[in-house]
$ cat coords-v5.cif   # mmCIF, C-alpha atoms and all ligand atoms
data_target
loop_
_atom_site.label_atom_id
_atom_site.label_comp_id
_atom_site.auth_asym_id
_atom_site.auth_seq_id
_atom_site.Cartn_x
_atom_site.Cartn_y
_atom_site.Cartn_z
CA MET A 1 0.00 0.00 0.00
CA SER A 2 1.32 3.43 -0.76
CA GLY A 3 0.24 6.18 1.58
CA PRO A 4 0.99 9.87 1.19
CA PHE A 5 4.54 9.42 2.49
CA LEU A 6 5.48 6.49 0.26
CA SER A 7 6.39 6.70 -3.40
CA SER A 8 5.44 3.86 -5.74
CA SER A 9 8.80 2.21 -5.07
CA GLY A 10 8.02 2.22 -1.36
CA ALA A 11 10.91 4.53 -0.52
CA PRO A 12 10.13 7.68 1.41
CA PRO A 13 10.34 10.77 -0.81
CA PRO A 14 13.33 12.99 -0.13
CA GLU A 15 12.64 15.57 2.52
CA PRO A 16 11.69 18.96 1.13
CA ALA A 17 14.67 21.29 0.98
CA ILE A 18 12.60 24.11 2.47
CA ARG A 19 9.31 23.84 4.33
CA ILE A 20 7.53 27.09 5.14
CA ARG A 21 4.49 27.01 7.40
CA GLU A 22 2.08 29.79 8.28
CA PHE A 23 4.83 32.33 7.74
CA ASN A 24 3.99 36.03 8.14
CA LEU A 25 6.32 39.03 8.00
CA TRP A 26 5.86 42.70 8.90
CA TYR A 27 8.09 45.66 8.08
CA GLY A 28 7.03 47.84 11.01
CA THR A 29 3.25 47.92 10.76
CA PHE A 30 3.22 46.96 7.06
CA GLN A 31 2.52 43.27 6.52
CA ALA A 32 4.49 42.02 3.51
CA LEU A 33 3.87 38.24 3.78
CA PHE A 34 0.64 36.49 4.75
CA ASP A 35 0.30 32.86 5.88
CA ILE A 36 2.87 31.44 3.49
CA ASN A 37 2.76 27.65 3.22
CA LEU A 38 5.25 26.20 0.78
CA GLU A 39 7.39 23.13 0.27
CA ILE A 40 10.38 23.54 -1.99
CA LYS A 41 11.47 20.14 -3.26
CA ASN A 42 14.96 18.83 -2.91
CA GLY A 43 17.05 18.72 -6.08
CA LEU A 44 14.72 20.77 -8.27
CA ILE A 45 14.76 24.28 -9.66
CA THR A 46 11.74 26.21 -8.40
CA SER A 47 11.00 29.64 -9.82
CA LEU A 48 9.21 32.33 -7.86
CA ILE A 49 7.19 34.77 -9.95
CA GLY A 50 4.74 37.60 -9.35
CA PRO A 51 4.32 41.34 -9.87
CA SER A 52 6.68 43.90 -8.40
CA GLY A 53 6.18 44.34 -4.66
CA CYS A 54 4.37 41.03 -4.10
CA GLY A 55 7.02 39.84 -1.63
CA LYS A 56 9.31 37.57 -3.65
CA SER A 57 12.55 39.07 -2.36
CA THR A 58 11.16 39.30 1.16
CA LEU A 59 10.33 35.59 1.11
CA LEU A 60 13.71 34.64 -0.32
CA ARG A 61 15.57 36.76 2.23
CA SER A 62 13.50 35.19 5.01
CA VAL A 63 14.92 31.77 4.16
CA ASP A 64 18.45 33.09 4.74
CA ARG A 65 17.40 35.21 7.73
CA ILE A 66 18.64 38.38 6.05
CA ASN A 67 15.56 40.48 6.89
CA GLU A 68 16.15 40.27 10.59
CA ARG A 69 19.11 42.63 10.31
CA LEU A 70 16.44 45.31 10.07
CA GLY A 71 15.34 46.03 13.60
CA TYR A 72 11.75 46.76 12.57
CA VAL A 73 11.06 43.38 10.96
CA ARG A 74 8.75 41.00 12.84
CA ILE A 75 7.89 37.45 11.84
CA ARG A 76 5.52 34.69 12.84
CA GLY A 77 5.54 31.13 11.61
CA SER A 78 8.06 28.49 10.71
CA ILE A 79 10.73 27.86 8.10
CA GLU A 80 12.58 24.56 8.06
CA VAL A 81 15.64 23.76 5.99
CA PHE A 82 16.02 19.99 5.66
CA GLY A 83 13.84 19.54 8.70
CA GLN A 84 15.68 22.03 10.91
CA GLU A 85 13.78 25.10 12.13
CA ILE A 86 15.94 28.04 11.09
CA HIS A 87 14.66 30.28 13.89
CA ALA A 88 15.54 27.81 16.64
CA PRO A 89 17.68 29.47 19.32
CA GLN A 90 20.68 27.25 18.63
CA VAL A 91 20.81 28.10 14.91
CA GLU A 92 23.36 30.79 14.05
CA PRO A 93 22.61 32.75 10.86
CA ALA A 94 26.20 32.06 9.68
CA GLN A 95 25.62 28.33 10.05
CA LEU A 96 22.35 28.59 8.12
CA ARG A 97 24.03 30.56 5.32
CA LYS A 98 26.61 27.85 4.96
CA GLN A 99 23.82 25.54 3.89
CA VAL A 100 21.78 28.15 2.03
CA GLY A 101 23.71 30.40 -0.35
CA MET A 102 22.27 33.59 -1.83
CA VAL A 103 22.88 35.29 -5.18
CA PHE A 104 21.63 38.87 -5.50
CA GLN A 105 20.30 40.94 -8.38
CA ARG A 106 23.42 43.03 -8.84
CA PRO A 107 26.65 41.03 -8.92
CA ASN A 108 28.52 42.06 -5.77
CA PRO A 109 32.06 40.67 -5.90
CA LEU A 110 34.41 41.96 -3.21
CA PRO A 111 37.16 44.39 -4.29
CA ILE A 112 39.81 41.71 -3.83
CA SER A 113 41.31 39.21 -6.27
CA ILE A 114 39.20 36.72 -8.18
CA ARG A 115 40.96 33.96 -6.28
CA ASP A 116 40.28 35.52 -2.86
CA ASN A 117 36.63 36.06 -3.80
CA VAL A 118 36.22 32.34 -4.41
CA LEU A 119 37.98 31.49 -1.13
CA PHE A 120 36.30 34.18 0.97
CA GLY A 121 33.28 32.23 2.22
CA TYR A 122 35.30 29.06 2.59
CA ARG A 123 37.78 30.84 4.85
CA ILE A 124 34.97 32.17 7.04
CA HIS A 125 33.21 28.85 7.37
CA HIS A 126 36.17 26.52 7.80
CA GLU A 127 38.32 26.75 10.86
CA LYS A 128 41.47 25.96 8.97
CA GLY A 129 40.36 28.20 6.08
CA GLY A 130 42.90 30.87 6.94
CA ARG A 131 45.71 28.31 6.90
CA LEU A 132 44.93 26.53 3.66
CA ALA A 133 47.86 25.01 1.81
CA ARG A 134 48.42 26.76 -1.50
CA SER A 135 47.78 23.61 -3.53
CA GLU A 136 44.56 22.89 -1.68
CA ALA A 137 43.37 26.46 -2.20
CA ASP A 138 44.25 26.25 -5.89
CA GLY A 139 42.14 23.11 -6.21
CA ILE A 140 39.16 24.72 -4.52
CA VAL A 141 39.40 27.80 -6.74
CA GLU A 142 39.70 25.81 -9.94
CA GLU A 143 36.84 23.47 -9.11
CA ALA A 144 34.45 26.32 -8.24
CA LEU A 145 35.36 28.34 -11.32
CA ARG A 146 35.00 25.29 -13.55
CA GLN A 147 31.55 24.59 -12.13
CA VAL A 148 30.39 28.06 -13.14
CA LEU A 149 32.02 27.78 -16.58
CA LEU A 150 34.38 30.66 -15.84
CA TRP A 151 37.71 28.88 -15.47
CA ASP A 152 38.98 29.22 -19.01
CA GLN A 153 38.18 32.91 -19.06
CA VAL A 154 39.93 33.86 -15.81
CA LYS A 155 42.57 31.22 -15.14
CA ASP A 156 45.39 33.53 -16.23
CA ARG A 157 44.28 36.43 -14.08
CA LEU A 158 43.20 34.93 -10.79
CA ASP A 159 45.16 37.58 -8.92
CA HIS A 160 43.43 40.46 -10.68
CA LYS A 161 40.83 42.39 -8.75
CA ALA A 162 37.35 40.94 -9.38
CA THR A 163 35.82 44.39 -9.60
CA ASP A 164 38.15 45.46 -12.45
CA GLY A 165 37.69 44.29 -15.99
CA LEU A 166 35.13 41.51 -15.58
CA SER A 167 31.83 41.71 -17.45
CA LEU A 168 28.64 41.71 -15.37
CA GLU A 169 28.04 38.18 -16.58
CA ALA A 170 31.46 37.03 -15.38
CA MET A 171 30.97 38.84 -12.06
CA GLN A 172 27.65 37.12 -11.51
CA LYS A 173 29.21 33.74 -12.29
CA LEU A 174 31.95 34.57 -9.81
CA CYS A 175 29.33 35.40 -7.17
CA ILE A 176 27.84 31.95 -7.73
CA ALA A 177 31.30 30.36 -7.71
CA ARG A 178 32.21 31.79 -4.32
CA LEU A 179 29.22 30.04 -2.73
CA LEU A 180 30.23 26.60 -3.95
CA PRO A 181 33.36 25.82 -1.84
CA VAL A 182 31.17 26.24 1.25
CA LYS A 183 29.10 23.32 -0.11
CA PRO A 184 25.60 24.68 0.32
CA SER A 185 22.64 22.40 -0.37
CA ILE A 186 20.33 25.21 -1.42
CA LEU A 187 20.95 28.21 -3.66
CA LEU A 188 18.60 31.19 -3.47
CA MET A 189 18.80 33.50 -6.47
CA ASP A 190 17.02 36.86 -6.56
CA GLU A 191 16.70 37.84 -10.22
CA PRO A 192 20.30 36.84 -10.93
CA CYS A 193 20.03 37.75 -14.61
CA SER A 194 18.22 41.08 -14.33
CA ALA A 195 21.39 43.18 -14.70
CA LEU A 196 22.69 41.15 -17.64
CA ASP A 197 22.30 41.55 -21.38
CA PRO A 198 20.53 38.77 -23.34
CA ARG A 199 23.80 36.94 -24.01
CA GLY A 200 24.80 37.12 -20.34
CA THR A 201 21.33 35.98 -19.32
CA ALA A 202 21.56 32.98 -21.61
CA ALA A 203 24.99 32.09 -20.23
CA VAL A 204 23.95 32.34 -16.57
CA GLU A 205 20.76 30.39 -17.27
CA GLU A 206 22.83 27.67 -18.86
CA LEU A 207 24.97 27.61 -15.76
CA ILE A 208 21.92 27.29 -13.51
CA TRP A 209 20.92 24.24 -15.52
CA GLU A 210 24.39 22.78 -15.02
CA LEU A 211 24.01 23.17 -11.26
CA ARG A 212 20.57 21.66 -11.01
CA ASP A 213 21.59 18.13 -10.10
CA ARG A 214 23.77 19.22 -7.23
CA TYR A 215 21.67 21.89 -5.56
CA SER A 216 18.09 22.75 -4.76
CA ILE A 217 17.55 26.12 -6.40
CA LEU A 218 14.88 28.72 -5.63
CA ILE A 219 15.07 31.52 -8.17
CA VAL A 220 13.08 34.77 -8.42
CA THR A 221 12.49 36.02 -11.93
CA HIS A 222 10.39 38.57 -13.77
CA ASN A 223 11.16 36.80 -17.01
CA MET A 224 8.31 34.41 -17.83
CA ALA A 225 10.34 32.76 -20.58
CA GLN A 226 13.12 32.11 -18.09
CA ALA A 227 10.74 30.69 -15.50
CA ARG A 228 9.22 28.43 -18.10
CA ARG A 229 12.49 27.25 -19.60
CA ALA A 230 14.59 27.04 -16.49
CA SER A 231 12.42 25.61 -13.72
CA ASP A 232 10.78 22.35 -12.72
CA GLU A 233 8.22 23.92 -10.43
CA CYS A 234 6.84 27.42 -10.24
CA VAL A 235 5.33 29.49 -7.42
CA PHE A 236 3.11 32.46 -8.21
CA MET A 237 2.74 35.16 -5.54
CA LEU A 238 0.40 38.11 -5.36
CA MET A 239 0.18 40.80 -2.68
CA GLY A 240 2.15 38.87 -0.07
CA ARG A 241 0.43 35.54 -0.60
CA VAL A 242 1.20 32.36 -2.51
CA VAL A 243 -1.58 31.94 -5.06
CA GLU A 244 -0.36 28.82 -6.81
CA HIS A 245 2.50 26.32 -6.70
CA ALA A 246 2.64 23.67 -9.40
CA PRO A 247 4.91 21.89 -11.88
CA THR A 248 6.02 24.61 -14.30
CA ASP A 249 4.29 23.16 -17.37
CA GLN A 250 1.04 22.83 -15.50
CA LEU A 251 1.19 26.33 -14.06
CA PHE A 252 1.80 27.86 -17.48
CA VAL A 253 -0.53 25.68 -19.53
CA THR A 254 -3.43 25.06 -17.16
CA PRO A 255 -3.15 27.50 -14.24
CA ALA A 256 -5.66 26.77 -11.51
CA HIS A 257 -6.30 30.40 -10.64
CA ARG A 258 -7.55 33.32 -12.64
CA GLU A 259 -4.86 35.63 -11.21
CA THR A 260 -2.10 33.26 -12.33
CA ALA A 261 -3.49 33.16 -15.86
CA ASP A 262 -3.77 36.94 -15.96
CA TYR A 263 -0.19 37.37 -14.78
CA ILE A 264 1.48 34.87 -17.08
CA GLU A 265 -0.46 36.26 -20.02
CA GLY A 266 0.94 39.68 -19.17
CA ARG A 267 -2.33 41.34 -18.20
CA PHE A 268 -0.69 42.93 -15.14
CA GLY A 269 2.63 43.15 -13.30
N1 LIG A 301 13.27 47.00 3.86
C1 LIG A 301 11.97 47.24 3.69
N2 LIG A 301 11.31 48.07 4.54
C2 LIG A 301 10.00 48.32 4.38
N3 LIG A 301 9.25 47.78 3.41
C3 LIG A 301 9.84 46.95 2.55
C4 LIG A 301 11.23 46.65 2.64
N4 LIG A 301 11.53 45.78 1.63
C5 LIG A 301 10.40 45.58 0.96
N5 LIG A 301 9.39 46.27 1.49
C6 LIG A 301 7.99 46.25 1.02
O1 LIG A 301 7.52 44.93 1.09
C7 LIG A 301 6.75 44.59 -0.06
C8 LIG A 301 7.39 43.41 -0.77
O2 LIG A 301 8.64 43.83 -1.29
P1 LIG A 301 9.63 42.83 -2.04
O3 LIG A 301 10.87 43.61 -2.32
O4 LIG A 301 9.75 41.60 -1.27
O5 LIG A 301 8.83 42.55 -3.40
P2 LIG A 301 9.31 41.83 -4.73
O6 LIG A 301 8.22 40.89 -5.11
O7 LIG A 301 10.67 41.29 -4.57
O8 LIG A 301 9.32 43.05 -5.78
P3 LIG A 301 10.26 43.28 -7.08
O9 LIG A 301 9.72 42.38 -8.13
O10 LIG A 301 10.05 44.72 -7.41
O11 LIG A 301 11.67 42.98 -6.69
C9 LIG A 301 6.70 45.86 -0.92
O12 LIG A 301 5.50 46.56 -0.62
C10 LIG A 301 7.90 46.65 -0.44
O13 LIG A 301 7.68 48.05 -0.59
MG MG A 302 12.52 41.69 -5.47
#
$ encode --input "coords-v5.cif" --output "structure tokens" --more "lines below"
Ligand SMILES: Nc1ncnc2c1ncn2[C@@H]1O[C@H](COP(=O)(O)OP(=O)(O)OP(=O)(O)O)[C@@H](O)[C@H]1O
Ligand SMILES: [Mg+2]
Amino acid sequence: MSGPFLSSSGAPPPEPAIRIREFNLWYGTFQALFDINLEIKNGLITSLIGPSGCGKSTLLRSVDRINERLGYVRIRGSIEVFGQEIHAPQVEPAQLRKQVGMVFQRPNPLPISIRDNVLFGYRIHHEKGGRLARSEADGIVEEALRQVLLWDQVKDRLDHKATDGLSLEAMQKLCIARLLPVKPSILLMDEPCSALDPRGTAAVEELIWELRDRYSILIVTHNMAQARRASDECVFMLMGRVVEHAPTDQLFVTPAHRETADYIEGRFG
């Protein structure tokens, strides 16, 4: 017999990467998120879409506990990452961010060498990070840059400053690369292609596809074509609420809600 927790093979399904329950968030007195319930599956790419101001970035930042830096943010509800409540008193934000890496809209490399950018997070998260042997560090740098398809382009200038002379596309790939040595399980991406030209967008999208087997990816996008092409599941938000969460094909072809249909057909947002 197969109940809700058994797949047809009898094996339990993999735990969701992220489980959000009854999550609400206020900026001061303004409520930005309402009763969010969402399970983001392990090993898939899930895109998060919806009109400007609907709370996509707020939700993404909540998963990495970035909003709480603002003193006037208040939350209620639960977010679990692989079964662990991220707001539990024993969870340090730094420890959470080791497992959940974030890529922002504007590429934000540090004004240090390409090599040191890639090693930066690793050094923070690993005790011996500051005392890495040169050969070990070289291996980490090469592997991360190869994974983001940037190695051939930068291998001869690893000691150049990352903020000088790299295209936006290369900088964004570098910002993804620097997350990888920390070995996160989940990558959150907030419109990672929005600052890029069409060629750069295509290249970074290709990279996201390359990463899909190794990471669970939750990506915010305004680009319907990107959501459709590049994700397995899709979440549509409106005014601080999740309206619909479905396999991407289903959400685009046979949306269950009128608002979803209106949005994906470009009638608002
Ligand atoms: N730091 C903040 N302080 C106060 N209000 C905020 C803050 N950040 C966002 N908001 C408000 O919360 C709501 C959701 O914003 P959010 O940035 O999450 O939307 P979004 O869906 O990411 O929009 P966009 O598509 O434009 O990036 C908006 O009304 C916004 O004005
Ligand atoms: Mg946003």
$ closest_residue --input "coords-v5.cif" --among "A:Ala256, A:Leu196, A:Ile18, A:Ile219" --to "Ser57 (chain A)" --atoms "only C-alpha atoms"
A:Ile219
$ closest_residue --input "coords-v5.cif" --among "A:Pro247, A:Gly83, A:Pro51, A:Pro109" --to "ligand MG 302 (chain A)" --atoms "all atoms listed in the file"
A:Pro51
$ closest_atom_pairs --input "coords-v5.cif" --of "chain A" --to "ligand LIG 301 (chain A)" --cutoff "6 Å" --atoms "all atoms listed in the file" --output "Markdown table"
| residue | atom | partner | partner_atom | distance |
| --- | --- | --- | --- | --- |
| A:Tyr27 | CA | A:LIG301 | C2 | 4.9 |
| A:Ala32 | CA | A:LIG301 | O1 | 4.8 |
| A:Pro51 | CA | A:LIG301 | O9 | 5.8 |
| A:Ser52 | CA | A:LIG301 | O9 | 3.4 |
| A:Gly53 | CA | A:LIG301 | O5 | 3.4 |
| A:Cys54 | CA | A:LIG301 | O6 | 4.0 |
| A:Gly55 | CA | A:LIG301 | O4 | 3.3 |
| A:Lys56 | CA | A:LIG301 | O6 | 3.8 |
| A:Ser57 | CA | A:LIG301 | O7 | 3.7 |
| A:Thr58 | CA | A:LIG301 | O4 | 3.6 |
$ closest_residue --input "coords-v5.cif" --among "A:Ser135, A:Gly77, A:Leu48, A:Ala230" --to "ligand MG 302 (chain A)" --atoms "only C-alpha atoms and all ligand atoms"
A:Leu48
$ atom_distance --input "coords-v5.cif" --atom1 "CA of Val81 (chain A)" --atom2 "CA of Ser47 (chain A)"
17.5 Å
$ atom_distance --input "coords-v5.cif" --atom1 "CA of Glu210 (chain A)" --atom2 "CA of Leu149 (chain A)"
9.3 Å
$ closest_residue --input "coords-v5.cif" --among "A:Leu145, A:Ile186, A:Asp262, A:Ala177" --to "Arg97 (chain A)" --atoms "all atoms listed in the file"
A:Ile186
$ residues_around --input "coords-v5.cif" --residues "region 84-91 of chain A" --least-positions-apart "3" --cutoff "12 Å" --atoms "all atoms listed in the file" --output "ChimeraX atom specification"
/A:15-21,23,62-66,68,75-81,94-100
$ atom_distance --input "coords-v5.cif" --atom1 "CA of Ala202 (chain A)" --atom2 "CA of Gln226 (chain A)"
9.2 Å
$ residues_around --input "coords-v5.cif" --residues "Glu244 (chain A)" --least-positions-apart "6" --cutoff "8 Å" --atoms "all atoms listed in the file" --output "PDB file with C-alpha atoms, keeping the file's coordinate frame"
ATOM      1  CA  VAL A 235       5.330  29.490  -7.420  1.00  0.00           C
ATOM      2  CA  PHE A 236       3.110  32.460  -8.210  1.00  0.00           C
ATOM      3  CA  MET A 237       2.740  35.160  -5.540  1.00  0.00           C
ATOM      4  CA  LEU A 251       1.190  26.330 -14.060  1.00  0.00           C
ATOM      5  CA  ALA A 256      -5.660  26.770 -11.510  1.00  0.00           C
ATOM      6  CA  HIS A 257      -6.300  30.400 -10.640  1.00  0.00           C
ATOM      7  CA  THR A 260      -2.100  33.260 -12.330  1.00  0.00           C
TER       8      THR A 260
END
$ closest_residue --input "coords-v5.cif" --among "A:Ala225, A:Glu136, A:Arg267, A:Lys173" --to "Val154 (chain A)" --atoms "only C-alpha atoms"
A:Lys173
$ residues_around --input "coords-v5.cif" --residues "Leu180 (chain A)" --least-positions-apart "6" --cutoff "10 Å" --atoms "only C-alpha atoms" --output "JSON, numbers by chain"
{"A": [98, 101, 118, 119, 121, 122, 140, 141, 143, 144, 145, 147, 148, 187, 215]}
$ closest_residue --input "coords-v5.cif" --among "A:Asn37, A:Gln105, A:Ser167, A:Gln172" --to "ligand MG 302 (chain A)" --atoms "all atoms listed in the file"
A:Gln105
$ decode --input "coords-v5.cif" --residues "region 168-202 of chain A" --atoms "N, CA and C atoms" --output "PDB file, in the first residue's frame"
ATOM      1  N   LEU A 168      29.658  41.991 -16.391  1.00  0.00           N
ATOM      2  CA  LEU A 168      28.641  41.706 -15.372  1.00  0.00           C
ATOM      3  C   LEU A 168      28.335  40.210 -15.322  1.00  0.00           C
ATOM      4  N   GLU A 169      28.304  39.612 -16.512  1.00  0.00           N
ATOM      5  CA  GLU A 169      28.036  38.175 -16.577  1.00  0.00           C
ATOM      6  C   GLU A 169      29.103  37.387 -15.811  1.00  0.00           C
ATOM      7  N   ALA A 170      30.375  37.744 -16.063  1.00  0.00           N
ATOM      8  CA  ALA A 170      31.460  37.033 -15.378  1.00  0.00           C
ATOM      9  C   ALA A 170      31.401  37.292 -13.876  1.00  0.00           C
ATOM     10  N   MET A 171      31.076  38.539 -13.500  1.00  0.00           N
ATOM     11  CA  MET A 171      30.974  38.843 -12.061  1.00  0.00           C
ATOM     12  C   MET A 171      29.870  38.020 -11.403  1.00  0.00           C
ATOM     13  N   GLN A 172      28.746  37.876 -12.107  1.00  0.00           N
ATOM     14  CA  GLN A 172      27.653  37.116 -11.507  1.00  0.00           C
ATOM     15  C   GLN A 172      28.040  35.634 -11.379  1.00  0.00           C
ATOM     16  N   LYS A 173      28.727  35.127 -12.395  1.00  0.00           N
ATOM     17  CA  LYS A 173      29.206  33.739 -12.291  1.00  0.00           C
ATOM     18  C   LYS A 173      30.176  33.592 -11.115  1.00  0.00           C
ATOM     19  N   LEU A 174      31.012  34.607 -10.931  1.00  0.00           N
ATOM     20  CA  LEU A 174      31.948  34.567  -9.807  1.00  0.00           C
ATOM     21  C   LEU A 174      31.195  34.572  -8.471  1.00  0.00           C
ATOM     22  N   CYS A 175      30.119  35.354  -8.409  1.00  0.00           N
ATOM     23  CA  CYS A 175      29.328  35.403  -7.170  1.00  0.00           C
ATOM     24  C   CYS A 175      28.666  34.055  -6.881  1.00  0.00           C
ATOM     25  N   ILE A 176      28.353  33.307  -7.930  1.00  0.00           N
ATOM     26  CA  ILE A 176      27.841  31.951  -7.727  1.00  0.00           C
ATOM     27  C   ILE A 176      29.000  31.037  -7.318  1.00  0.00           C
ATOM     28  N   ALA A 177      30.135  31.217  -8.001  1.00  0.00           N
ATOM     29  CA  ALA A 177      31.302  30.364  -7.708  1.00  0.00           C
ATOM     30  C   ALA A 177      31.738  30.459  -6.258  1.00  0.00           C
ATOM     31  N   ARG A 178      31.677  31.650  -5.683  1.00  0.00           N
ATOM     32  CA  ARG A 178      32.207  31.790  -4.323  1.00  0.00           C
ATOM     33  C   ARG A 178      31.321  31.113  -3.280  1.00  0.00           C
ATOM     34  N   LEU A 179      30.086  30.783  -3.666  1.00  0.00           N
ATOM     35  CA  LEU A 179      29.225  30.043  -2.734  1.00  0.00           C
ATOM     36  C   LEU A 179      29.618  28.568  -2.686  1.00  0.00           C
ATOM     37  N   LEU A 180      30.129  28.048  -3.791  1.00  0.00           N
ATOM     38  CA  LEU A 180      30.233  26.598  -3.948  1.00  0.00           C
ATOM     39  C   LEU A 180      31.235  25.913  -3.011  1.00  0.00           C
ATOM     40  N   PRO A 181      32.416  26.511  -2.733  1.00  0.00           N
ATOM     41  CA  PRO A 181      33.357  25.821  -1.841  1.00  0.00           C
ATOM     42  C   PRO A 181      32.783  25.594  -0.440  1.00  0.00           C
ATOM     43  N   VAL A 182      31.801  26.379  -0.066  1.00  0.00           N
ATOM     44  CA  VAL A 182      31.172  26.240   1.253  1.00  0.00           C
ATOM     45  C   VAL A 182      30.243  25.020   1.269  1.00  0.00           C
ATOM     46  N   LYS A 183      29.960  24.489   0.084  1.00  0.00           N
ATOM     47  CA  LYS A 183      29.101  23.321  -0.112  1.00  0.00           C
ATOM     48  C   LYS A 183      27.681  23.501   0.434  1.00  0.00           C
ATOM     49  N   PRO A 184      26.998  24.511  -0.068  1.00  0.00           N
ATOM     50  CA  PRO A 184      25.603  24.680   0.324  1.00  0.00           C
ATOM     51  C   PRO A 184      24.743  23.585  -0.308  1.00  0.00           C
ATOM     52  N   SER A 185      23.575  23.337   0.252  1.00  0.00           N
ATOM     53  CA  SER A 185      22.638  22.396  -0.375  1.00  0.00           C
ATOM     54  C   SER A 185      21.612  23.152  -1.194  1.00  0.00           C
ATOM     55  N   ILE A 186      21.381  24.412  -0.791  1.00  0.00           N
ATOM     56  CA  ILE A 186      20.331  25.209  -1.415  1.00  0.00           C
ATOM     57  C   ILE A 186      20.934  26.513  -1.924  1.00  0.00           C
ATOM     58  N   LEU A 187      20.546  26.897  -3.134  1.00  0.00           N
ATOM     59  CA  LEU A 187      20.950  28.207  -3.658  1.00  0.00           C
ATOM     60  C   LEU A 187      19.690  29.050  -3.862  1.00  0.00           C
ATOM     61  N   LEU A 188      19.678  30.233  -3.266  1.00  0.00           N
ATOM     62  CA  LEU A 188      18.599  31.191  -3.469  1.00  0.00           C
ATOM     63  C   LEU A 188      19.113  32.234  -4.442  1.00  0.00           C
ATOM     64  N   MET A 189      18.341  32.529  -5.480  1.00  0.00           N
ATOM     65  CA  MET A 189      18.800  33.504  -6.468  1.00  0.00           C
ATOM     66  C   MET A 189      17.695  34.524  -6.694  1.00  0.00           C
ATOM     67  N   ASP A 190      18.017  35.799  -6.417  1.00  0.00           N
ATOM     68  CA  ASP A 190      17.023  36.856  -6.565  1.00  0.00           C
ATOM     69  C   ASP A 190      17.257  37.603  -7.873  1.00  0.00           C
ATOM     70  N   GLU A 191      16.544  37.232  -8.898  1.00  0.00           N
ATOM     71  CA  GLU A 191      16.698  37.836 -10.225  1.00  0.00           C
ATOM     72  C   GLU A 191      18.162  37.928 -10.648  1.00  0.00           C
ATOM     73  N   PRO A 192      18.855  36.799 -10.691  1.00  0.00           N
ATOM     74  CA  PRO A 192      20.302  36.836 -10.928  1.00  0.00           C
ATOM     75  C   PRO A 192      20.670  37.327 -12.321  1.00  0.00           C
ATOM     76  N   CYS A 193      19.712  37.345 -13.230  1.00  0.00           N
ATOM     77  CA  CYS A 193      20.029  37.752 -14.607  1.00  0.00           C
ATOM     78  C   CYS A 193      19.528  39.146 -14.936  1.00  0.00           C
ATOM     79  N   SER A 194      18.909  39.833 -13.973  1.00  0.00           N
ATOM     80  CA  SER A 194      18.219  41.077 -14.332  1.00  0.00           C
ATOM     81  C   SER A 194      19.181  42.187 -14.750  1.00  0.00           C
ATOM     82  N   ALA A 195      20.451  42.128 -14.313  1.00  0.00           N
ATOM     83  CA  ALA A 195      21.393  43.185 -14.698  1.00  0.00           C
ATOM     84  C   ALA A 195      22.166  42.824 -15.967  1.00  0.00           C
ATOM     85  N   LEU A 196      21.878  41.651 -16.530  1.00  0.00           N
ATOM     86  CA  LEU A 196      22.692  41.148 -17.641  1.00  0.00           C
ATOM     87  C   LEU A 196      22.021  41.387 -18.995  1.00  0.00           C
ATOM     88  N   ASP A 197      22.852  41.441 -20.030  1.00  0.00           N
ATOM     89  CA  ASP A 197      22.301  41.551 -21.384  1.00  0.00           C
ATOM     90  C   ASP A 197      21.801  40.154 -21.811  1.00  0.00           C
ATOM     91  N   PRO A 198      21.113  40.069 -22.949  1.00  0.00           N
ATOM     92  CA  PRO A 198      20.531  38.771 -23.341  1.00  0.00           C
ATOM     93  C   PRO A 198      21.565  37.644 -23.423  1.00  0.00           C
ATOM     94  N   ARG A 199      22.772  37.972 -23.908  1.00  0.00           N
ATOM     95  CA  ARG A 199      23.801  36.937 -24.007  1.00  0.00           C
ATOM     96  C   ARG A 199      24.231  36.467 -22.608  1.00  0.00           C
ATOM     97  N   GLY A 200      24.419  37.444 -21.710  1.00  0.00           N
ATOM     98  CA  GLY A 200      24.802  37.119 -20.338  1.00  0.00           C
ATOM     99  C   GLY A 200      23.705  36.318 -19.648  1.00  0.00           C
ATOM    100  N   THR A 201      22.467  36.703 -19.900  1.00  0.00           N
ATOM    101  CA  THR A 201      21.333  35.982 -19.316  1.00  0.00           C
ATOM    102  C   THR A 201      21.341  34.533 -19.773  1.00  0.00           C
ATOM    103  N   ALA A 202      21.550  34.348 -21.076  1.00  0.00           N
ATOM    104  CA  ALA A 202      21.559  32.981 -21.610  1.00  0.00           C
ATOM    105  C   ALA A 202      22.685  32.170 -20.970  1.00  0.00           C
TER     106      ALA A 202
END
